[in-house]
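Trainee: The structure's right below; bear with me while I get my questions together.
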Amino acid sequence: MKILVAAIVSAYLGPVLVCAPQVEKPAGGAPAQAAAKQAESAQAAPNKAEAYYHYALAHIYEEMGMAYNRQEYLNKALEEYKLAMQNDPTSPFLSAELADLYARTDRIRDAVLEAEDVLRRDPNNLEARKLLGRIYLRVLDNQSGSGRGQSDVRRRAIEQFEKITELAPKDAESKITLGRLYHANSDYTKAEAVLKQALALQPESEEALTRLAFLYTDTSQLNAAVELLQKVTSKNPTPRLFAVLASAYEQARDYENAVKAYRRALELDKDNLDYLRGLGQNLLFNEQYEEALVPYQQVAAADSQDGSAFLRLGQIYRQLHKYDLALENLKRAESLVPNSLEAPYNLALLEETEGRHEAAISMLKGLLERTAKSDGAQHTPREKANRAIFQERLGILYRSNENYAAAEEAFRQMMDSDPENAVRGASQIIDTLRQQKEFPRALAEADAALQRFPDERGLKMLRAQVLGESGRVDEASQALKAMLEDKAGDREVLLAMAQVNERAKRYPQAEQAAAAAARYASRKDEKEFVYFLWGSILERQKKYDAAEEQFKLALAANPNSAMTLNYLGYMLADRGLRLEEARKYIETALDHDPNNGAYLDSMGWVYYQLNRLDQAEQYLLRAIQRVPRDATILDHLGDVYYKTGRLHEASLQWQKALGQAQRSSSSDTDPQDIAKIQKKLEDVKVRLAQETRK
């Protein structure tokens, strides 16, 4: 290897003229003799020539070691640096060079000690501080978790970069690094300030802009992040900045604009697999399933070992009801990443979607057994979060099968296993008790949860809804009114007020709350639910035209809204109007959720109105399999049996329907509906008696 000796000399002694092309050994004997002489007299003046000789050899060995990846050369370089320092023990330059070599050879502790020794002698040595800062960053990058050790290393790194930016106030890169460290340390105000200083020095710095945007997104200043990145990408349209903009949109749940931003990034960097994954994910989130297939298929084609791509393909095919393809891709993902929990979890979801609840429950139990530890305290935060997801899904499955005791137990285990998800677990327990009409217990659970989490708005709203359902409507309304703050967060409170008043049949108050909530709805999903709820309030009052107008607004916000499509279709079918149009609405709802008991009932009722009774019976029987104790479904099946002359079966279904309706709370049933069922039962009994006499 050819080494530029002039550069080596200049580095150690400063600018000098060098005539000889090789390093000459200065007079004075062998290196060992020179070292001995140095040791004889600590007061002797530094031997610069001897030190330079050993430094030059060290530098050559270091270059050779790095170029050829030979450890023996690096060991010789360390020996020569030490000999150089024996001849010039006060040189901060030699100490810094030795520290740098220690760092490059992963002898981190030795590197830190050498760099700290330099700074004890020369606190303003900028290069030594940068070296020490880089060492701490390297340690941080190689560490995982968020323990005390990492916090200590981060604090030390911050100290160094604070001093670096003080010594070199125009060093934008160091300011960006300091901003990153402040961000990781949750010092958001300091992070924002120093990143803005970096941008003042380098207005086009992509790294500074990206860091500031990530800071805004992590501190929920999503509008600020989007606004910043929109301005930047209009002036400096780089693929990375478009990807960061897409990420900001994604966190704001504005998936449509996230898709657009990822498409722009791919226009500039068409083969970037990360951008393809981001595009596919946001198309999936936006329920554009057919479109989401394309980028994930491209990723899978480019990297046949990418398990995450096959996992997403499996999720998309499940949403498209192509269950064989979903199974194929999920199995492929499981084989590629055998230790992943996502693939088996999605396989359980596939079983649930296809109506095989027992199989899904068995798979979820298997995942919980697989992730169990003898001591729950040994679980990492990530493991706890995963177990909470499995327990919650297990509880939901039990609840959908009306196994309420098992559901409640699963949600309690969820609370115990993961404190971070305890609020969600408590909410699920309260909802489970609400579905059983056990309002006193539900209220007691809500009170206990609020004792533990007094500032949780979601729990406060849930408690108010329990109060309303148990007949304490005024108390519920007052509790919700006390939560209003005249800001965007009021939307959820106002929706809860609308639901409480709707169930109590206080329709004017419910409409007023829904109208107020609409003013705070900005995202499409927010508008969808407001208009849906408003439409249902109007429908309950038999204001059908006004209700249809609200449902159409909900569909304008989300054309794939299954709950809106079903409600609109059933509203038309129940009045015998535009039956083919109603059938198409419900058919689309079932495309999105094929095993939903309410949607199956709606389709059965459409076919009943169309006098296609065989098909009506098929759908209603499937609905009862999903929701066996629903008074409306039982009533509809009784109507089908009566119309086909099966009077005994009709009588049996109406008796079941009447029993379920009478056990329901007054807010869930209309007295007129109960009276109609009673009238049907009386009529069928008369007919059965007549037939018996004949």
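In the structure tokens, chains take the letters A, B, ... in the order shown, each chain's residues start at 1, and ligands count up from 1 in the order shown.
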Got a sec to tell me which of region 146-256 of chain A DSSP assigns to helix (DSSP H, G or I), as a PDB file with N, CA and C atoms, in the first residue's frame?
Mentor:
ATOM      1  N   ARG A 148     -31.745   1.371  32.128  1.00  0.00           N
ATOM      2  CA  ARG A 148     -30.970   2.434  32.766  1.00  0.00           C
ATOM      3  C   ARG A 148     -29.637   2.649  32.074  1.00  0.00           C
ATOM      4  N   GLY A 149     -29.003   1.526  31.626  1.00  0.00           N
ATOM      5  CA  GLY A 149     -27.712   1.648  30.959  1.00  0.00           C
ATOM      6  C   GLY A 149     -27.790   2.485  29.709  1.00  0.00           C
ATOM      7  N   GLN A 150     -28.834   2.289  28.912  1.00  0.00           N
ATOM      8  CA  GLN A 150     -28.979   3.062  27.689  1.00  0.00           C
ATOM      9  C   GLN A 150     -29.220   4.538  28.003  1.00  0.00           C
ATOM     10  N   SER A 151     -30.018   4.802  29.025  1.00  0.00           N
ATOM     11  CA  SER A 151     -30.277   6.194  29.413  1.00  0.00           C
ATOM     12  C   SER A 151     -28.987   6.884  29.815  1.00  0.00           C
ATOM     13  N   ASP A 152     -28.105   6.153  30.515  1.00  0.00           N
ATOM     14  CA  ASP A 152     -26.840   6.736  30.952  1.00  0.00           C
ATOM     15  C   ASP A 152     -25.946   7.051  29.760  1.00  0.00           C
ATOM     16  N   VAL A 153     -25.885   6.115  28.793  1.00  0.00           N
ATOM     17  CA  VAL A 153     -25.065   6.355  27.596  1.00  0.00           C
ATOM     18  C   VAL A 153     -25.630   7.540  26.808  1.00  0.00           C
ATOM     19  N   ARG A 154     -26.961   7.620  26.696  1.00  0.00           N
ATOM     20  CA  ARG A 154     -27.568   8.742  25.979  1.00  0.00           C
ATOM     21  C   ARG A 154     -27.250  10.069  26.664  1.00  0.00           C
ATOM     22  N   ARG A 155     -27.297  10.070  27.989  1.00  0.00           N
ATOM     23  CA  ARG A 155     -26.960  11.301  28.728  1.00  0.00           C
ATOM     24  C   ARG A 155     -25.523  11.730  28.441  1.00  0.00           C
ATOM     25  N   ARG A 156     -24.598  10.755  28.423  1.00  0.00           N
ATOM     26  CA  ARG A 156     -23.194  11.079  28.139  1.00  0.00           C
ATOM     27  C   ARG A 156     -23.029  11.616  26.709  1.00  0.00           C
ATOM     28  N   ALA A 157     -23.762  11.008  25.768  1.00  0.00           N
ATOM     29  CA  ALA A 157     -23.693  11.483  24.380  1.00  0.00           C
ATOM     30  C   ALA A 157     -24.215  12.913  24.280  1.00  0.00           C
ATOM     31  N   ILE A 158     -25.322  13.183  24.970  1.00  0.00           N
ATOM     32  CA  ILE A 158     -25.886  14.543  24.954  1.00  0.00           C
ATOM     33  C   ILE A 158     -24.883  15.541  25.496  1.00  0.00           C
ATOM     34  N   GLU A 159     -24.196  15.186  26.593  1.00  0.00           N
ATOM     35  CA  GLU A 159     -23.195  16.088  27.171  1.00  0.00           C
ATOM     36  C   GLU A 159     -22.117  16.432  26.149  1.00  0.00           C
ATOM     37  N   GLN A 160     -21.658  15.422  25.409  1.00  0.00           N
ATOM     38  CA  GLN A 160     -20.602  15.677  24.427  1.00  0.00           C
ATOM     39  C   GLN A 160     -21.093  16.567  23.292  1.00  0.00           C
ATOM     40  N   PHE A 161     -22.286  16.258  22.752  1.00  0.00           N
ATOM     41  CA  PHE A 161     -22.747  17.051  21.607  1.00  0.00           C
ATOM     42  C   PHE A 161     -23.203  18.449  22.025  1.00  0.00           C
ATOM     43  N   GLU A 162     -23.621  18.619  23.243  1.00  0.00           N
ATOM     44  CA  GLU A 162     -23.893  19.983  23.729  1.00  0.00           C
ATOM     45  C   GLU A 162     -22.604  20.803  23.733  1.00  0.00           C
ATOM     46  N   LYS A 163     -21.501  20.178  24.187  1.00  0.00           N
ATOM     47  CA  LYS A 163     -20.208  20.880  24.203  1.00  0.00           C
ATOM     48  C   LYS A 163     -19.703  21.104  22.783  1.00  0.00           C
ATOM     49  N   ILE A 164     -19.920  20.107  21.899  1.00  0.00           N
ATOM     50  CA  ILE A 164     -19.477  20.253  20.505  1.00  0.00           C
ATOM     51  C   ILE A 164     -20.172  21.435  19.840  1.00  0.00           C
ATOM     52  N   THR A 165     -21.495  21.537  20.018  1.00  0.00           N
ATOM     53  CA  THR A 165     -22.233  22.637  19.386  1.00  0.00           C
ATOM     54  C   THR A 165     -21.890  23.978  20.017  1.00  0.00           C
ATOM     55  N   GLU A 166     -21.432  23.945  21.255  1.00  0.00           N
ATOM     56  CA  GLU A 166     -20.956  25.188  21.890  1.00  0.00           C
ATOM     57  C   GLU A 166     -19.616  25.611  21.299  1.00  0.00           C
ATOM     58  N   LEU A 167     -18.719  24.621  21.102  1.00  0.00           N
ATOM     59  CA  LEU A 167     -17.396  24.915  20.533  1.00  0.00           C
ATOM     60  C   LEU A 167     -17.475  25.215  19.037  1.00  0.00           C
ATOM     61  N   ALA A 172     -23.767  22.197  11.664  1.00  0.00           N
ATOM     62  CA  ALA A 172     -25.167  21.788  11.534  1.00  0.00           C
ATOM     63  C   ALA A 172     -25.349  20.298  11.800  1.00  0.00           C
ATOM     64  N   GLU A 173     -24.395  19.473  11.339  1.00  0.00           N
ATOM     65  CA  GLU A 173     -24.536  18.030  11.515  1.00  0.00           C
ATOM     66  C   GLU A 173     -24.574  17.647  12.986  1.00  0.00           C
ATOM     67  N   SER A 174     -23.727  18.299  13.781  1.00  0.00           N
ATOM     68  CA  SER A 174     -23.726  17.996  15.215  1.00  0.00           C
ATOM     69  C   SER A 174     -25.022  18.453  15.871  1.00  0.00           C
ATOM     70  N   LYS A 175     -25.585  19.554  15.405  1.00  0.00           N
ATOM     71  CA  LYS A 175     -26.869  20.007  15.944  1.00  0.00           C
ATOM     72  C   LYS A 175     -27.983  19.009  15.606  1.00  0.00           C
ATOM     73  N   ILE A 176     -27.936  18.451  14.400  1.00  0.00           N
ATOM     74  CA  ILE A 176     -28.938  17.451  14.017  1.00  0.00           C
ATOM     75  C   ILE A 176     -28.818  16.221  14.922  1.00  0.00           C
ATOM     76  N   THR A 177     -27.580  15.798  15.168  1.00  0.00           N
ATOM     77  CA  THR A 177     -27.364  14.648  16.054  1.00  0.00           C
ATOM     78  C   THR A 177     -27.867  14.948  17.459  1.00  0.00           C
ATOM     79  N   LEU A 178     -27.592  16.158  17.938  1.00  0.00           N
ATOM     80  CA  LEU A 178     -28.066  16.539  19.269  1.00  0.00           C
ATOM     81  C   LEU A 178     -29.594  16.556  19.313  1.00  0.00           C
ATOM     82  N   GLY A 179     -30.217  17.032  18.238  1.00  0.00           N
ATOM     83  CA  GLY A 179     -31.679  17.012  18.173  1.00  0.00           C
ATOM     84  C   GLY A 179     -32.218  15.600  18.233  1.00  0.00           C
ATOM     85  N   ARG A 180     -31.559  14.689  17.545  1.00  0.00           N
ATOM     86  CA  ARG A 180     -31.971  13.270  17.572  1.00  0.00           C
ATOM     87  C   ARG A 180     -31.867  12.709  18.991  1.00  0.00           C
ATOM     88  N   LEU A 181     -30.789  13.073  19.703  1.00  0.00           N
ATOM     89  CA  LEU A 181     -30.604  12.578  21.071  1.00  0.00           C
ATOM     90  C   LEU A 181     -31.636  13.170  22.021  1.00  0.00           C
ATOM     91  N   TYR A 182     -31.898  14.467  21.881  1.00  0.00           N
ATOM     92  CA  TYR A 182     -32.940  15.094  22.711  1.00  0.00           C
ATOM     93  C   TYR A 182     -34.294  14.405  22.465  1.00  0.00           C
ATOM     94  N   HIS A 183     -34.584  14.146  21.205  1.00  0.00           N
ATOM     95  CA  HIS A 183     -35.849  13.489  20.837  1.00  0.00           C
ATOM     96  C   HIS A 183     -35.958  12.132  21.530  1.00  0.00           C
ATOM     97  N   ALA A 184     -34.881  11.332  21.438  1.00  0.00           N
ATOM     98  CA  ALA A 184     -34.888  10.009  22.067  1.00  0.00           C
ATOM     99  C   ALA A 184     -35.025  10.106  23.580  1.00  0.00           C
ATOM    100  N   TYR A 188     -38.476  17.233  24.094  1.00  0.00           N
ATOM    101  CA  TYR A 188     -39.013  17.647  22.802  1.00  0.00           C
ATOM    102  C   TYR A 188     -38.783  19.131  22.514  1.00  0.00           C
ATOM    103  N   THR A 189     -38.881  19.967  23.529  1.00  0.00           N
ATOM    104  CA  THR A 189     -38.686  21.409  23.318  1.00  0.00           C
ATOM    105  C   THR A 189     -37.256  21.692  22.872  1.00  0.00           C
ATOM    106  N   LYS A 190     -36.289  21.074  23.569  1.00  0.00           N
ATOM    107  CA  LYS A 190     -34.883  21.257  23.201  1.00  0.00           C
ATOM    108  C   LYS A 190     -34.612  20.691  21.802  1.00  0.00           C
ATOM    109  N   ALA A 191     -35.214  19.534  21.505  1.00  0.00           N
ATOM    110  CA  ALA A 191     -35.005  18.914  20.197  1.00  0.00           C
ATOM    111  C   ALA A 191     -35.493  19.825  19.089  1.00  0.00           C
ATOM    112  N   GLU A 192     -36.682  20.391  19.254  1.00  0.00           N
ATOM    113  CA  GLU A 192     -37.227  21.281  18.233  1.00  0.00           C
ATOM    114  C   GLU A 192     -36.337  22.504  18.045  1.00  0.00           C
ATOM    115  N   ALA A 193     -35.862  23.078  19.164  1.00  0.00           N
ATOM    116  CA  ALA A 193     -35.044  24.295  19.088  1.00  0.00           C
ATOM    117  C   ALA A 193     -33.738  24.041  18.341  1.00  0.00           C
ATOM    118  N   VAL A 194     -33.051  22.944  18.668  1.00  0.00           N
ATOM    119  CA  VAL A 194     -31.745  22.701  18.054  1.00  0.00           C
ATOM    120  C   VAL A 194     -31.898  22.280  16.590  1.00  0.00           C
ATOM    121  N   LEU A 195     -32.979  21.582  16.253  1.00  0.00           N
ATOM    122  CA  LEU A 195     -33.193  21.223  14.848  1.00  0.00           C
ATOM    123  C   LEU A 195     -33.514  22.454  14.007  1.00  0.00           C
ATOM    124  N   LYS A 196     -34.223  23.392  14.589  1.00  0.00           N
ATOM    125  CA  LYS A 196     -34.487  24.649  13.876  1.00  0.00           C
ATOM    126  C   LYS A 196     -33.197  25.440  13.677  1.00  0.00           C
ATOM    127  N   GLN A 197     -32.284  25.367  14.658  1.00  0.00           N
ATOM    128  CA  GLN A 197     -30.973  26.012  14.492  1.00  0.00           C
ATOM    129  C   GLN A 197     -30.209  25.366  13.334  1.00  0.00           C
ATOM    130  N   ALA A 198     -30.279  24.033  13.248  1.00  0.00           N
ATOM    131  CA  ALA A 198     -29.602  23.334  12.148  1.00  0.00           C
ATOM    132  C   ALA A 198     -30.183  23.749  10.803  1.00  0.00           C
ATOM    133  N   LEU A 199     -31.509  23.908  10.747  1.00  0.00           N
ATOM    134  CA  LEU A 199     -32.146  24.331   9.499  1.00  0.00           C
ATOM    135  C   LEU A 199     -31.793  25.758   9.133  1.00  0.00           C
ATOM    136  N   ALA A 200     -31.569  26.583  10.137  1.00  0.00           N
ATOM    137  CA  ALA A 200     -31.142  27.956   9.857  1.00  0.00           C
ATOM    138  C   ALA A 200     -29.765  27.959   9.192  1.00  0.00           C
ATOM    139  N   LEU A 201     -28.920  26.989   9.567  1.00  0.00           N
ATOM    140  CA  LEU A 201     -27.590  26.883   8.971  1.00  0.00           C
ATOM    141  C   LEU A 201     -27.647  26.198   7.612  1.00  0.00           C
ATOM    142  N   GLU A 206     -31.905  17.649   4.262  1.00  0.00           N
ATOM    143  CA  GLU A 206     -32.955  16.629   4.283  1.00  0.00           C
ATOM    144  C   GLU A 206     -33.010  15.941   5.641  1.00  0.00           C
ATOM    145  N   GLU A 207     -31.833  15.718   6.247  1.00  0.00           N
ATOM    146  CA  GLU A 207     -31.793  15.044   7.537  1.00  0.00           C
ATOM    147  C   GLU A 207     -32.467  15.882   8.619  1.00  0.00           C
ATOM    148  N   ALA A 208     -32.183  17.194   8.638  1.00  0.00           N
ATOM    149  CA  ALA A 208     -32.793  18.065   9.647  1.00  0.00           C
ATOM    150  C   ALA A 208     -34.305  18.143   9.458  1.00  0.00           C
ATOM    151  N   LEU A 209     -34.728  18.280   8.217  1.00  0.00           N
ATOM    152  CA  LEU A 209     -36.163  18.349   7.938  1.00  0.00           C
ATOM    153  C   LEU A 209     -36.864  17.054   8.343  1.00  0.00           C
ATOM    154  N   THR A 210     -36.221  15.933   8.036  1.00  0.00           N
ATOM    155  CA  THR A 210     -36.804  14.639   8.377  1.00  0.00           C
ATOM    156  C   THR A 210     -36.910  14.476   9.882  1.00  0.00           C
ATOM    157  N   ARG A 211     -35.840  14.829  10.580  1.00  0.00           N
ATOM    158  CA  ARG A 211     -35.844  14.705  12.044  1.00  0.00           C
ATOM    159  C   ARG A 211     -36.920  15.584  12.667  1.00  0.00           C
ATOM    160  N   LEU A 212     -37.060  16.795  12.166  1.00  0.00           N
ATOM    161  CA  LEU A 212     -38.071  17.703  12.713  1.00  0.00           C
ATOM    162  C   LEU A 212     -39.475  17.171  12.427  1.00  0.00           C
ATOM    163  N   ALA A 213     -39.668  16.615  11.246  1.00  0.00           N
ATOM    164  CA  ALA A 213     -40.976  16.051  10.907  1.00  0.00           C
ATOM    165  C   ALA A 213     -41.305  14.866  11.809  1.00  0.00           C
ATOM    166  N   PHE A 214     -40.313  13.996  12.055  1.00  0.00           N
ATOM    167  CA  PHE A 214     -40.542  12.861  12.961  1.00  0.00           C
ATOM    168  C   PHE A 214     -40.854  13.343  14.373  1.00  0.00           C
ATOM    169  N   LEU A 215     -40.189  14.411  14.777  1.00  0.00           N
ATOM    170  CA  LEU A 215     -40.465  14.986  16.095  1.00  0.00           C
ATOM    171  C   LEU A 215     -41.916  15.445  16.182  1.00  0.00           C
ATOM    172  N   TYR A 216     -42.373  16.134  15.146  1.00  0.00           N
ATOM    173  CA  TYR A 216     -43.764  16.611  15.137  1.00  0.00           C
ATOM    174  C   TYR A 216     -44.751  15.445  15.164  1.00  0.00           C
ATOM    175  N   THR A 217     -44.461  14.391  14.412  1.00  0.00           N
ATOM    176  CA  THR A 217     -45.399  13.266  14.404  1.00  0.00           C
ATOM    177  C   THR A 217     -45.409  12.549  15.752  1.00  0.00           C
ATOM    178  N   ASP A 218     -44.235  12.416  16.374  1.00  0.00           N
ATOM    179  CA  ASP A 218     -44.174  11.724  17.670  1.00  0.00           C
ATOM    180  C   ASP A 218     -44.810  12.527  18.784  1.00  0.00           C
ATOM    181  N   LEU A 222     -49.322  16.512  14.123  1.00  0.00           N
ATOM    182  CA  LEU A 222     -49.358  15.937  12.783  1.00  0.00           C
ATOM    183  C   LEU A 222     -49.597  16.990  11.711  1.00  0.00           C
ATOM    184  N   ASN A 223     -50.426  17.964  12.032  1.00  0.00           N
ATOM    185  CA  ASN A 223     -50.661  19.034  11.048  1.00  0.00           C
ATOM    186  C   ASN A 223     -49.388  19.815  10.777  1.00  0.00           C
ATOM    187  N   ALA A 224     -48.598  20.058  11.858  1.00  0.00           N
ATOM    188  CA  ALA A 224     -47.330  20.783  11.692  1.00  0.00           C
ATOM    189  C   ALA A 224     -46.363  19.963  10.838  1.00  0.00           C
ATOM    190  N   ALA A 225     -46.326  18.645  11.079  1.00  0.00           N
ATOM    191  CA  ALA A 225     -45.436  17.785  10.298  1.00  0.00           C
ATOM    192  C   ALA A 225     -45.827  17.796   8.821  1.00  0.00           C
ATOM    193  N   VAL A 226     -47.114  17.666   8.562  1.00  0.00           N
ATOM    194  CA  VAL A 226     -47.583  17.639   7.173  1.00  0.00           C
ATOM    195  C   VAL A 226     -47.321  18.981   6.494  1.00  0.00           C
ATOM    196  N   GLU A 227     -47.616  20.066   7.196  1.00  0.00           N
ATOM    197  CA  GLU A 227     -47.407  21.399   6.617  1.00  0.00           C
ATOM    198  C   GLU A 227     -45.939  21.621   6.279  1.00  0.00           C
ATOM    199  N   LEU A 228     -45.045  21.245   7.190  1.00  0.00           N
ATOM    200  CA  LEU A 228     -43.606  21.388   6.953  1.00  0.00           C
ATOM    201  C   LEU A 228     -43.181  20.592   5.730  1.00  0.00           C
ATOM    202  N   LEU A 229     -43.597  19.342   5.673  1.00  0.00           N
ATOM    203  CA  LEU A 229     -43.148  18.467   4.588  1.00  0.00           C
ATOM    204  C   LEU A 229     -43.774  18.833   3.247  1.00  0.00           C
ATOM    205  N   GLN A 230     -44.985  19.348   3.257  1.00  0.00           N
ATOM    206  CA  GLN A 230     -45.595  19.807   2.008  1.00  0.00           C
ATOM    207  C   GLN A 230     -44.780  20.946   1.396  1.00  0.00           C
ATOM    208  N   LYS A 231     -44.363  21.874   2.250  1.00  0.00           N
ATOM    209  CA  LYS A 231     -43.550  22.995   1.761  1.00  0.00           C
ATOM    210  C   LYS A 231     -42.210  22.507   1.232  1.00  0.00           C
ATOM    211  N   VAL A 232     -41.616  21.581   1.979  1.00  0.00           N
ATOM    212  CA  VAL A 232     -40.286  21.112   1.602  1.00  0.00           C
ATOM    213  C   VAL A 232     -40.325  20.337   0.292  1.00  0.00           C
ATOM    214  N   THR A 233     -41.305  19.433   0.158  1.00  0.00           N
ATOM    215  CA  THR A 233     -41.354  18.607  -1.048  1.00  0.00           C
ATOM    216  C   THR A 233     -41.716  19.420  -2.284  1.00  0.00           C
ATOM    217  N   SER A 234     -42.391  20.543  -2.088  1.00  0.00           N
ATOM    218  CA  SER A 234     -42.690  21.384  -3.249  1.00  0.00           C
ATOM    219  C   SER A 234     -41.424  22.047  -3.786  1.00  0.00           C
ATOM    220  N   LYS A 235     -40.443  22.297  -2.882  1.00  0.00           N
ATOM    221  CA  LYS A 235     -39.186  22.927  -3.301  1.00  0.00           C
ATOM    222  C   LYS A 235     -38.102  21.896  -3.591  1.00  0.00           C
ATOM    223  N   PRO A 239     -37.298  11.526  -2.990  1.00  0.00           N
ATOM    224  CA  PRO A 239     -38.133  10.372  -2.618  1.00  0.00           C
ATOM    225  C   PRO A 239     -38.212  10.166  -1.114  1.00  0.00           C
ATOM    226  N   ARG A 240     -37.106  10.419  -0.420  1.00  0.00           N
ATOM    227  CA  ARG A 240     -37.123  10.196   1.036  1.00  0.00           C
ATOM    228  C   ARG A 240     -38.091  11.149   1.725  1.00  0.00           C
ATOM    229  N   LEU A 241     -38.107  12.413   1.311  1.00  0.00           N
ATOM    230  CA  LEU A 241     -39.008  13.377   1.941  1.00  0.00           C
ATOM    231  C   LEU A 241     -40.466  13.045   1.645  1.00  0.00           C
ATOM    232  N   PHE A 242     -40.743  12.561   0.440  1.00  0.00           N
ATOM    233  CA  PHE A 242     -42.116  12.130   0.143  1.00  0.00           C
ATOM    234  C   PHE A 242     -42.507  10.941   1.025  1.00  0.00           C
ATOM    235  N   ALA A 243     -41.536  10.048   1.283  1.00  0.00           N
ATOM    236  CA  ALA A 243     -41.827   8.900   2.154  1.00  0.00           C
ATOM    237  C   ALA A 243     -42.103   9.360   3.586  1.00  0.00           C
ATOM    238  N   VAL A 244     -41.351  10.352   4.063  1.00  0.00           N
ATOM    239  CA  VAL A 244     -41.603  10.884   5.409  1.00  0.00           C
ATOM    240  C   VAL A 244     -42.963  11.574   5.456  1.00  0.00           C
ATOM    241  N   LEU A 245     -43.299  12.300   4.400  1.00  0.00           N
ATOM    242  CA  LEU A 245     -44.622  12.934   4.320  1.00  0.00           C
ATOM    243  C   LEU A 245     -45.719  11.865   4.349  1.00  0.00           C
ATOM    244  N   ALA A 246     -45.510  10.784   3.620  1.00  0.00           N
ATOM    245  CA  ALA A 246     -46.488   9.691   3.622  1.00  0.00           C
ATOM    246  C   ALA A 246     -46.655   9.114   5.016  1.00  0.00           C
ATOM    247  N   SER A 247     -45.532   8.980   5.732  1.00  0.00           N
ATOM    248  CA  SER A 247     -45.595   8.452   7.098  1.00  0.00           C
ATOM    249  C   SER A 247     -46.392   9.379   8.011  1.00  0.00           C
ATOM    250  N   ALA A 248     -46.231  10.688   7.828  1.00  0.00           N
ATOM    251  CA  ALA A 248     -47.004  11.653   8.631  1.00  0.00           C
ATOM    252  C   ALA A 248     -48.496  11.531   8.323  1.00  0.00           C
ATOM    253  N   TYR A 249     -48.822  11.419   7.050  1.00  0.00           N
ATOM    254  CA  TYR A 249     -50.235  11.228   6.676  1.00  0.00           C
ATOM    255  C   TYR A 249     -50.782   9.928   7.287  1.00  0.00           C
ATOM    256  N   GLU A 250     -49.952   8.881   7.250  1.00  0.00           N
ATOM    257  CA  GLU A 250     -50.394   7.588   7.786  1.00  0.00           C
ATOM    258  C   GLU A 250     -50.712   7.695   9.274  1.00  0.00           C
ATOM    259  N   GLN A 251     -49.843   8.379  10.026  1.00  0.00           N
ATOM    260  CA  GLN A 251     -50.093   8.524  11.459  1.00  0.00           C
ATOM    261  C   GLN A 251     -51.321   9.379  11.730  1.00  0.00           C
ATOM    262  N   TYR A 255     -55.076   8.076   4.986  1.00  0.00           N
ATOM    263  CA  TYR A 255     -54.446   7.060   4.149  1.00  0.00           C
ATOM    264  C   TYR A 255     -54.484   7.427   2.670  1.00  0.00           C
ATOM    265  N   GLU A 256     -55.493   8.161   2.269  1.00  0.00           N
ATOM    266  CA  GLU A 256     -55.600   8.536   0.858  1.00  0.00           C
ATOM    267  C   GLU A 256     -54.414   9.396   0.440  1.00  0.00           C
TER     268      GLU A 256
END
Trainee: To one decimal place in Å, what is the distance between CA of Ala504 (chain A) and CA of Asp474 (chain A)?
Mentor: 10.1 Å
Trainee: Near Glu267 (chain A), counting only C-alpha atoms, which residues have an atom at most 12 Å away, once you skip same-chain residues fewer than 3 positions from it, shown as a PDB file with C-alpha atoms, in the first residue's frame?
Mentor:
ATOM      1  CA  PRO A 237     -39.005  16.785  -4.180  1.00  0.00           C
ATOM      2  CA  THR A 238     -36.781  13.917  -3.010  1.00  0.00           C
ATOM      3  CA  PRO A 239     -38.133  10.372  -2.618  1.00  0.00           C
ATOM      4  CA  ARG A 240     -37.123  10.196   1.036  1.00  0.00           C
ATOM      5  CA  PHE A 242     -42.116  12.130   0.143  1.00  0.00           C
ATOM      6  CA  ALA A 243     -41.827   8.900   2.154  1.00  0.00           C
ATOM      7  CA  LYS A 260     -50.439   9.739  -3.044  1.00  0.00           C
ATOM      8  CA  ALA A 261     -47.179  10.620  -1.261  1.00  0.00           C
ATOM      9  CA  TYR A 262     -45.823   7.078  -1.581  1.00  0.00           C
ATOM     10  CA  ARG A 263     -46.711   7.091  -5.282  1.00  0.00           C
ATOM     11  CA  ARG A 264     -44.664  10.303  -5.693  1.00  0.00           C
ATOM     12  CA  LYS A 270     -39.342   3.133  -8.572  1.00  0.00           C
ATOM     13  CA  ASP A 271     -37.442   0.093  -7.250  1.00  0.00           C
ATOM     14  CA  ASN A 272     -37.453   1.036  -3.577  1.00  0.00           C
ATOM     15  CA  TYR A 275     -41.787   2.593  -0.507  1.00  0.00           C
ATOM     16  CA  LEU A 276     -43.675  -0.273  -2.161  1.00  0.00           C
TER      17      LEU A 276
END
